[in-house]
Every structure is written in structure tokens, then in C-alpha cells.
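Novice: Attaching a single structure in C-alpha cells format; questions to follow.
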Amino acid sequence: MDKFMNILQTKVIPKANRVASEKHLAALRDAMVLTIPFIIIGSIFLILADFPVSTYLSFLKSHPQIQQALLYPYNATFNIVALIATFGMGYKLGESYKVDGIGAGLISLAAYFLVTPTNTVKVANNPTTVINTNYFSSAGLFVGLIMAIISTEVYRFIVKKNIVIKMPDGVPPAVAKSFNSIIPGFFAVIVVWIIRLAVEITPYKNVQNLIQSIIAQPLTKLGTSFWGTLAVFLIINLLWCIGLHGSIIANSVMLPIWLSLTSQNAAALAAGHAVKNIASAEFRYIIFVGGSGATLGLVVAMAFFAKSQQYKKLGRLSLAPSIFNINEPVLFGFPIVFNPIMWIPFLLMPIITVMITYLSMQFGIVGKPIGVLPPGTTPMIIGGYIMTGGISGAILQLVIFIISFFVYYPFFKIEDNLQYKKELESKKEG
């Protein structure tokens with residue numbers, strides 16, 4: 001066992017840390033985090049526009065103008081996630097390269113608009129160029145992130161080559177930064193413009209179609225299938241086992257996909273259509289009852305059934321955070337991290353919870369996520385009800401909690417009995 005632990009510490013953890021801190025993945029993670037407040041704000045208004053109470057829905061149906069008004073803030077927040085993520089990706093990646101983050105973010109937005117297709121329509125008999133605003137939502141998310149990477153890399157390359165307009169020392173810093181961005185921004189725009197022209201002569205016709213066909217759709221199908229979802233959440237817990245923040249690392253890759261599906265479900269709900277996606281951003285909050293690994297059952301076992309004072313106190317101290325899905329005190333205090341005995345239930349739980357949740361939603365036993373994303377600290381039952389729009393989601397979370405208690409309990413008792421014996425021996429020696 002010591003040899004195995006040594007391999008983890010010397011070989012696995014350093015490599016995993018390098019992956020987690022890779023500039024592009026770190027920028028992607030941070031960019032997606034920037035979108036979360038807007039999604040939560042939009043979710044609040046989406047709930048108000050479609051709260052699952054029959055009398056309330058009847059009232060809204062008889063007063064459609066009220067429902068329409070409630071969707072205005074939703075459209076202004078939830079449906080601009082591609083623009084926020086594009087700017088955020090350029091900004092964070094630029095900062096990681098020690099260049100002007102705001103300049104890189106703004107050039108990323110320009111690059112995104114440059115490759116976004118336009119149409120000409122007549123408004124009051126006047127030809128007008130329009131952009132489909134669906135591209136501002138999750139539909140344009142992958143394109144925005146990729147254009148941000150390309151434009152920021154060009155921007156960074158030109159800046160590092162010192163091909164910039166240098167202003168005299170007396171010029172205010174804000175003005176100097178603006179002029180410094182002209183040449184790097186120009187080259188970034190030229191590169192993206194060439195990409196657009198090249199794609200237009202292909203069967204895809206525009207960059208949006210190209211990215212959706214080649215990257216977005218296959219990645220979404222692979223990552224959100226039953227087996228793909230099971231693999232993702234198992235990897236999250238595996239990373240936690242060796243002391244790495246599994247959720248943050250997984251979010252670097254999966255969050256754009258999950259948020260895209262959340263946005264699709266929200267749009268379907270707002271339009272009065274049935275939601276289709278299961279493995280959206282809400283899915284993780286539904287199964288994370290008490291945090292990664294659904295550890296609330298373990299905390300309750302400690303708080304109310306521990307013999308040892310150590311685990312009893314830890315359980316009671318951890319109970320309040322765990323109710324709000326914060327389980328670092330348990331992961332590092334029990335500990336589960338680097339504790340092979342507790343790895344068994346901790347790795348069993350994502351397998352069980354993904355199977356129960358995914359299959360029950362697929363077969364219509366539990367409602368699918370409706371595109372409403374509450375804060376990750378929303379307590380179970382309340383969160384399940386909000387995220388699925390019905391009592392079935394609340395019941396599902398209660399079932400997960402009960403299962404987690406019985407899965408963790410026998411392994412917890414092994415550790416608790418050992419600790420209790422140590423405490424008794426310590427008292428005798430004292």
C-alpha cells in the first residue's frame with residue numbers, strides 16, 4: 001500500500017496538477033465560471049415565468065404579457081452566455097500570457113462576430129443586416145471559445161514580438177494600452193477573417209456549421225451519453241481520492257457542454273416545449289447530495305451513530321456545510337482523500353447515482369432537468385424540485401441520500417470502531 005501511495009504522490013498527482021493548470025483549460029474553466037451568475041439570474045426569472053403550480057400557470061396563461069415580461073431578463077442573461085464566455089476566455093487566456101486581458105477579450109468578441117453569419121431582411125421595406133440572436137446563447141458557445149483561443153494566441157504572438165505602437169511616457173496608461181492593441185488586434189482579425197473566407201467555400205458555408213458538425217455535436221453525444229456521463233463522474237471522484245479537485249478539473253472540459261444543454265432545456269421550457277437533455281449542468285447538482293460522492297449520508301452517520309468522539313464531532317461540524325453541498329471538511333477531515341478503505345463507497349456512489357438518475361429520467365420516472373440552474377449550495381429536495389420542476393426530483397434526491405447512508409455506513413463503522421478503540425486505549429493510558 002505504501003508503494004502504491006508513493007506512486008500516486010510522485011507520478012500521478014504532479015501530472016494531474018499540470019493538466020489542471022494548463023493555460024487553455026484553466027482559462028476555459030474560469031470563462032465558464034463567469035457565465036454562472038448570469039445563468040442563475042436568468043434561471044430565477046425562468047422559474048417565475050413557468051413556476052410548476054397549476055393555479056399560477058393558469059394565471060400566466062390568461063395574462064401572456066406578464067409571462068413575456070418575465071422572460072425579458074432571462075433573455076438578457078441566460079441567452080448571452082456565448083458572448084460572456086467568449087470575452088471571458090480571451091480575457092483569462094490573455095492574462096495568463098501577461099498581455100492586456102481586456103484587449104484580448106474584446107478582440108475575441110470581435111473575432112466571434114466576424115465569423116457569425118448574417119442575413120439581409122427587409123424592415124419597413126429597407127434592407128437590414130441581422131444576426132440570429134440564437135448564436136449569442138449556447139448555440140454559439142463552442143465557436144466563441146475557439147475563436148477566443150485563436151484570436152488571443154495571435155494577439156499574444158504579436159505582442160511578444162513587440163510589434164506594437166509605443167506611445168510616449170506622458171500618455172495615460174489606458175490610452176497607451178488602447179494603441180498597443182491596434183496592431184495585435186489587426187493581425188488577429190485578419191487571421192479570423194481568412195478562416196471565415198476559407199470555410200465559406202466549403203460545404204459547411206460558415207464557421208458555426210463547421211464547429212457544430214465536427215466538434216460540438218460529436219463531443220456532446222459522447223460526453224452526455226449514459227456511459228460518457230458515468231465515466232465523467234467516476235473520474236471526478238477518482239481525482240478527489242488523490243487530493244485533486246475533481247469537479248474543477250472536469251468542469252474545464254465538460255462545463256461548456258453541460259451549460260449548452262441547460263440552455264437548450266431552458267429555451268424549450270420558455271417556448272412551452274418538452275425538455276430533452278438529461279446530462280446538463282443541473283445533473284451534477286442533482287446527484288451531488290452533500291457534495292461530490294453524495295457524502296451527506298456519511299455525515300449523518302457520523303453525527304448520529306459514531307461511537308468515537310472524533311467522528312461524532314466531525315459529523316456535527318460537517319452537517320451544516322454538507323446540507324449546502326460543501327463537503328471538503330469530510331473529504332479532508334475524515335479523510336476520504338488518500339484513504340483506500342473509504343475509496344470503495346466514494347467510488348461506488350457516482351456509479352449508483354448516475355445509473356439511478358440517468359435511467360429514471362430516460363424512462364420518464366423522474367422529470368428531466370428543465371434548464372433552471374440554482375446555486376450549487378441549494379439543499380437537497382429543494383434543489384431537486386427546482387431543477388426538475390416537480391416533486392419527482394425532490395424524491396430522487398431523498399432516495400440518493402438514503403442510499404448514500406447505507407453505502408457509506410459499513411465502511412464508516414470500520415473506521416469508527418478503530419478510532420473508538422484508540423480513544424479507549426488513550427483514556428486507559430491517561
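In the C-alpha cells, the first chain shown is A, the next is B, and so on; residue numbers restart at 1 for each chain, and ligands run from 1 in the order shown.
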Give me the residues near Met387 (chain A) as a ChimeraX atom specification, where near means some atom within 9 Å (using only C-alpha atoms) and where sequence neighbours in that chain fewer than 4 positions away do not count.

Specialist: /A:282-283,285-286,367-374,382-383,393

Novice: Residues near Pro345 (chain A), anyone? I mean within 8 Å using only C-alpha atoms, not counting same-chain ones fewer than 6 positions away, as a list in words.

Specialist: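 My reading of the contact set: Val407, Tyr408 and Phe411 of chain A.
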
Novice: Could you write those residues out with all heavy atoms, as an mmCIF file, in the first residue's frame?

Specialist:
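Generated file (out_5.cif):
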```cif
data_model
loop_
_atom_site.group_PDB
_atom_site.id
_atom_site.type_symbol
_atom_site.label_atom_id
_atom_site.label_comp_id
_atom_site.auth_asym_id
_atom_site.auth_seq_id
_atom_site.Cartn_x
_atom_site.Cartn_y
_atom_site.Cartn_z
ATOM 1 N N VAL A 407 -24.676 2.900 1.905
ATOM 2 C CA VAL A 407 -23.422 2.545 1.226
ATOM 3 C C VAL A 407 -22.220 2.913 2.092
ATOM 4 O O VAL A 407 -21.271 2.131 2.236
ATOM 5 C CB VAL A 407 -23.336 3.243 -0.152
ATOM 6 C CG1 VAL A 407 -21.920 3.104 -0.741
ATOM 7 C CG2 VAL A 407 -24.353 2.650 -1.119
ATOM 8 N N TYR A 408 -22.260 4.093 2.693
ATOM 9 C CA TYR A 408 -21.123 4.555 3.493
ATOM 10 C C TYR A 408 -21.063 3.894 4.882
ATOM 11 O O TYR A 408 -19.980 3.746 5.451
ATOM 12 C CB TYR A 408 -21.175 6.081 3.682
ATOM 13 C CG TYR A 408 -20.672 6.854 2.495
ATOM 14 C CD1 TYR A 408 -21.536 7.603 1.704
ATOM 15 C CD2 TYR A 408 -19.312 6.860 2.176
ATOM 16 C CE1 TYR A 408 -21.069 8.332 0.618
ATOM 17 C CE2 TYR A 408 -18.841 7.587 1.089
ATOM 18 C CZ TYR A 408 -19.723 8.323 0.314
ATOM 19 O OH TYR A 408 -19.249 9.032 -0.753
ATOM 20 N N PHE A 411 -18.512 0.983 5.939
ATOM 21 C CA PHE A 411 -17.109 1.410 5.857
ATOM 22 C C PHE A 411 -16.812 2.453 6.934
ATOM 23 O O PHE A 411 -15.712 2.458 7.509
ATOM 24 C CB PHE A 411 -16.831 1.978 4.461
ATOM 25 C CG PHE A 411 -17.030 0.977 3.365
ATOM 26 C CD1 PHE A 411 -18.246 0.868 2.708
ATOM 27 C CD2 PHE A 411 -16.004 0.109 3.017
ATOM 28 C CE1 PHE A 411 -18.439 -0.063 1.703
ATOM 29 C CE2 PHE A 411 -16.175 -0.830 2.015
ATOM 30 C CZ PHE A 411 -17.403 -0.923 1.358
#
```

Novice: Name all residues at most 12 Å from Ile365 (chain A) (count only C-alpha atoms; drop same-chain ones fewer than 2 positions away) and give them as a ChimeraX atom specification.

Specialist: /A:356-363,367-368,388,390-393,395-396

Novice: Keeping N, CA and C atoms, export the residues of the selection given above as an mmCIF file, in the first residue's frame.

Specialist:
```
data_model
loop_
_atom_site.group_PDB
_atom_site.id
_atom_site.type_symbol
_atom_site.label_atom_id
_atom_site.label_comp_id
_atom_site.auth_asym_id
_atom_site.auth_seq_id
_atom_site.Cartn_x
_atom_site.Cartn_y
_atom_site.Cartn_z
ATOM 1 N N ILE A 356 -29.098 5.517 -11.365
ATOM 2 C CA ILE A 356 -30.469 5.771 -10.910
ATOM 3 C C ILE A 356 -31.033 7.027 -11.558
ATOM 4 N N THR A 357 -30.253 8.098 -11.542
ATOM 5 C CA THR A 357 -30.755 9.382 -12.031
ATOM 6 C C THR A 357 -30.940 9.373 -13.535
ATOM 7 N N TYR A 358 -29.927 8.947 -14.258
ATOM 8 C CA TYR A 358 -29.990 8.973 -15.724
ATOM 9 C C TYR A 358 -31.112 8.070 -16.237
ATOM 10 N N LEU A 359 -31.150 6.834 -15.737
ATOM 11 C CA LEU A 359 -32.144 5.876 -16.246
ATOM 12 C C LEU A 359 -33.562 6.256 -15.828
ATOM 13 N N SER A 360 -33.736 6.771 -14.605
ATOM 14 C CA SER A 360 -35.082 7.162 -14.178
ATOM 15 C C SER A 360 -35.605 8.341 -15.007
ATOM 16 N N MET A 361 -34.695 9.214 -15.422
ATOM 17 C CA MET A 361 -35.110 10.329 -16.290
ATOM 18 C C MET A 361 -35.355 9.850 -17.712
ATOM 19 N N GLN A 362 -34.507 8.946 -18.172
ATOM 20 C CA GLN A 362 -34.645 8.433 -19.531
ATOM 21 C C GLN A 362 -35.970 7.688 -19.719
ATOM 22 N N PHE A 363 -36.403 6.980 -18.683
ATOM 23 C CA PHE A 363 -37.643 6.208 -18.779
ATOM 24 C C PHE A 363 -38.858 6.969 -18.242
ATOM 25 N N GLY A 367 -38.686 13.616 -13.695
ATOM 26 C CA GLY A 367 -38.629 14.673 -14.691
ATOM 27 C C GLY A 367 -37.199 15.045 -15.042
ATOM 28 N N LYS A 368 -36.960 15.363 -16.302
ATOM 29 C CA LYS A 368 -35.637 15.791 -16.747
ATOM 30 C C LYS A 368 -35.361 17.213 -16.271
ATOM 31 N N THR A 388 -35.919 19.979 -11.565
ATOM 32 C CA THR A 388 -36.737 19.115 -12.423
ATOM 33 C C THR A 388 -38.151 19.654 -12.596
ATOM 34 N N GLY A 390 -40.590 19.551 -10.466
ATOM 35 C CA GLY A 390 -41.626 18.698 -9.912
ATOM 36 C C GLY A 390 -41.151 17.918 -8.702
ATOM 37 N N ILE A 391 -42.072 17.262 -8.061
ATOM 38 C CA ILE A 391 -41.786 16.525 -6.829
ATOM 39 C C ILE A 391 -40.909 15.305 -7.082
ATOM 40 N N SER A 392 -40.897 14.805 -8.317
ATOM 41 C CA SER A 392 -40.103 13.605 -8.615
ATOM 42 C C SER A 392 -38.615 13.854 -8.388
ATOM 43 N N GLY A 393 -38.155 15.061 -8.706
ATOM 44 C CA GLY A 393 -36.749 15.396 -8.487
ATOM 45 C C GLY A 393 -36.415 15.447 -7.012
ATOM 46 N N ILE A 395 -37.954 13.724 -4.618
ATOM 47 C CA ILE A 395 -37.969 12.333 -4.141
ATOM 48 C C ILE A 395 -36.682 11.623 -4.547
ATOM 49 N N LEU A 396 -36.230 11.881 -5.770
ATOM 50 C CA LEU A 396 -34.989 11.271 -6.261
ATOM 51 C C LEU A 396 -33.819 11.626 -5.338
#
```

Novice: Residues at most 9 Å from Tyr135 (chain A), counting only C-alpha atoms, excluding those fewer than 4 positions away in the same chain, as a ChimeraX atom specification?

Specialist: /A:79-80,82-83,116,131,139-141,208

Novice: Would you put the residues from that selection into a file with all heavy atoms, as a short mmCIF file (atom, residue, chain, number, x, y, z; two decimals), in the first residue's frame?

Specialist:
```
data_model
loop_
_atom_site.label_atom_id
_atom_site.label_comp_id
_atom_site.auth_asym_id
_atom_site.auth_seq_id
_atom_site.Cartn_x
_atom_site.Cartn_y
_atom_site.Cartn_z
N ASN A 79 -29.41 34.00 -22.18
CA ASN A 79 -29.24 33.85 -23.62
C ASN A 79 -28.10 34.66 -24.21
O ASN A 79 -28.06 34.87 -25.43
CB ASN A 79 -30.54 34.18 -24.35
CG ASN A 79 -31.51 33.01 -24.31
OD1 ASN A 79 -31.13 31.89 -23.96
ND2 ASN A 79 -32.76 33.25 -24.66
N ILE A 80 -27.16 35.12 -23.37
CA ILE A 80 -25.96 35.75 -23.91
C ILE A 80 -24.70 35.06 -23.37
O ILE A 80 -23.62 35.66 -23.33
CB ILE A 80 -25.92 37.27 -23.60
CG1 ILE A 80 -25.91 37.53 -22.09
CG2 ILE A 80 -27.05 38.00 -24.29
CD1 ILE A 80 -25.54 38.96 -21.73
N ALA A 82 -22.82 32.83 -24.64
CA ALA A 82 -21.73 32.69 -25.61
C ALA A 82 -20.87 33.95 -25.66
O ALA A 82 -19.64 33.87 -25.74
CB ALA A 82 -22.29 32.38 -27.00
N LEU A 83 -21.51 35.11 -25.58
CA LEU A 83 -20.77 36.37 -25.60
C LEU A 83 -19.93 36.52 -24.33
O LEU A 83 -18.76 36.94 -24.39
CB LEU A 83 -21.73 37.55 -25.74
CG LEU A 83 -22.65 37.56 -26.97
CD1 LEU A 83 -23.49 38.83 -26.99
CD2 LEU A 83 -21.83 37.45 -28.24
N THR A 116 -19.62 35.02 -37.28
CA THR A 116 -21.04 34.74 -37.11
C THR A 116 -21.81 35.14 -38.36
O THR A 116 -21.71 36.29 -38.80
CB THR A 116 -21.61 35.49 -35.89
OG1 THR A 116 -20.89 35.09 -34.72
CG2 THR A 116 -23.08 35.19 -35.70
N ILE A 131 -28.40 39.53 -37.31
CA ILE A 131 -27.74 38.34 -36.78
C ILE A 131 -28.75 37.56 -35.96
O ILE A 131 -29.49 38.14 -35.16
CB ILE A 131 -26.54 38.72 -35.88
CG1 ILE A 131 -25.46 39.45 -36.69
CG2 ILE A 131 -25.93 37.47 -35.23
CD1 ILE A 131 -24.29 39.92 -35.84
N ALA A 139 -25.93 28.05 -28.43
CA ALA A 139 -25.72 27.61 -29.81
C ALA A 139 -24.38 28.09 -30.36
O ALA A 139 -23.79 27.44 -31.23
CB ALA A 139 -26.86 28.09 -30.70
N GLY A 140 -23.90 29.22 -29.87
CA GLY A 140 -22.63 29.75 -30.35
C GLY A 140 -21.48 29.59 -29.39
O GLY A 140 -20.40 30.16 -29.60
N LEU A 141 -21.68 28.79 -28.35
CA LEU A 141 -20.69 28.71 -27.28
C LEU A 141 -19.35 28.14 -27.75
O LEU A 141 -18.28 28.72 -27.49
CB LEU A 141 -21.24 27.86 -26.13
CG LEU A 141 -20.45 27.82 -24.83
CD1 LEU A 141 -20.25 29.22 -24.28
CD2 LEU A 141 -21.16 26.94 -23.82
N GLN A 208 -19.94 28.53 -37.88
CA GLN A 208 -20.91 27.97 -36.93
C GLN A 208 -21.29 26.54 -37.32
O GLN A 208 -21.30 25.64 -36.49
CB GLN A 208 -22.15 28.86 -36.85
CG GLN A 208 -21.93 30.23 -36.24
CD GLN A 208 -21.90 30.19 -34.73
OE1 GLN A 208 -22.13 29.16 -34.11
NE2 GLN A 208 -21.60 31.33 -34.12
#
```

Novice: Need to verify the contact set: region 419-425 of chain A, 8 Å, only C-alpha atoms, exclusion of same-chain residues closer than 6 positions in sequence. Can you return it as a PyMOL selection string?

Specialist: chain A and resi 307-310

Novice: So, counting only C-alpha atoms, which residue among A:Gly291, A:Pro375, A:Gly185, A:Gly272 is closest to Ala49 (chain A)?

Specialist: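 Comparing A:Gly291, A:Pro375, A:Gly185, A:Gly272 against Ala49 (chain A), the winner is A:Gly272.
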
Novice: Which residues in region 171-285 of chain A does DSSP call helix (DSSP H, G or I)? List them as JSON, numbers by chain.

Specialist: {"A": [173, 174, 175, 176, 177, 178, 179, 180, 182, 183, 184, 185, 186, 187, 188, 189, 190, 191, 192, 193, 194, 195, 196, 197, 198, 199, 200, 207, 208, 209, 210, 211, 212, 213, 214, 215, 216, 217, 218, 219, 220, 221, 222, 223, 224, 226, 227, 228, 229, 230, 231, 232, 233, 234, 235, 236, 237, 238, 239, 240, 241, 246, 247, 248, 249, 250, 251, 252, 253, 254, 255, 256, 257, 258, 259, 260, 261, 262, 263, 264, 265, 266, 267, 268, 269, 270, 281, 282, 283, 284, 285]}

Novice: Quick one, how far is CA of Thr229 (chain A) from CA of Ile242 (chain A)?

Specialist: 20.8 Å

Novice: Work out how far CA of Tyr409 (chain A) is from CA of Met342 (chain A), in Å to one decimal.

Specialist: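 The value is 10.4 Å.
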
Novice: Using only C-alpha atoms, which residue out of A:Leu57, A:Ile149, A:Val99, A:Leu46 lies closest to Asn265 (chain A)?

Specialist: A:Leu46

Novice: Distance CA of Thr353 (chain A)-CA of Ile403 (chain A), one decimal place?

Specialist: 8.8 Å
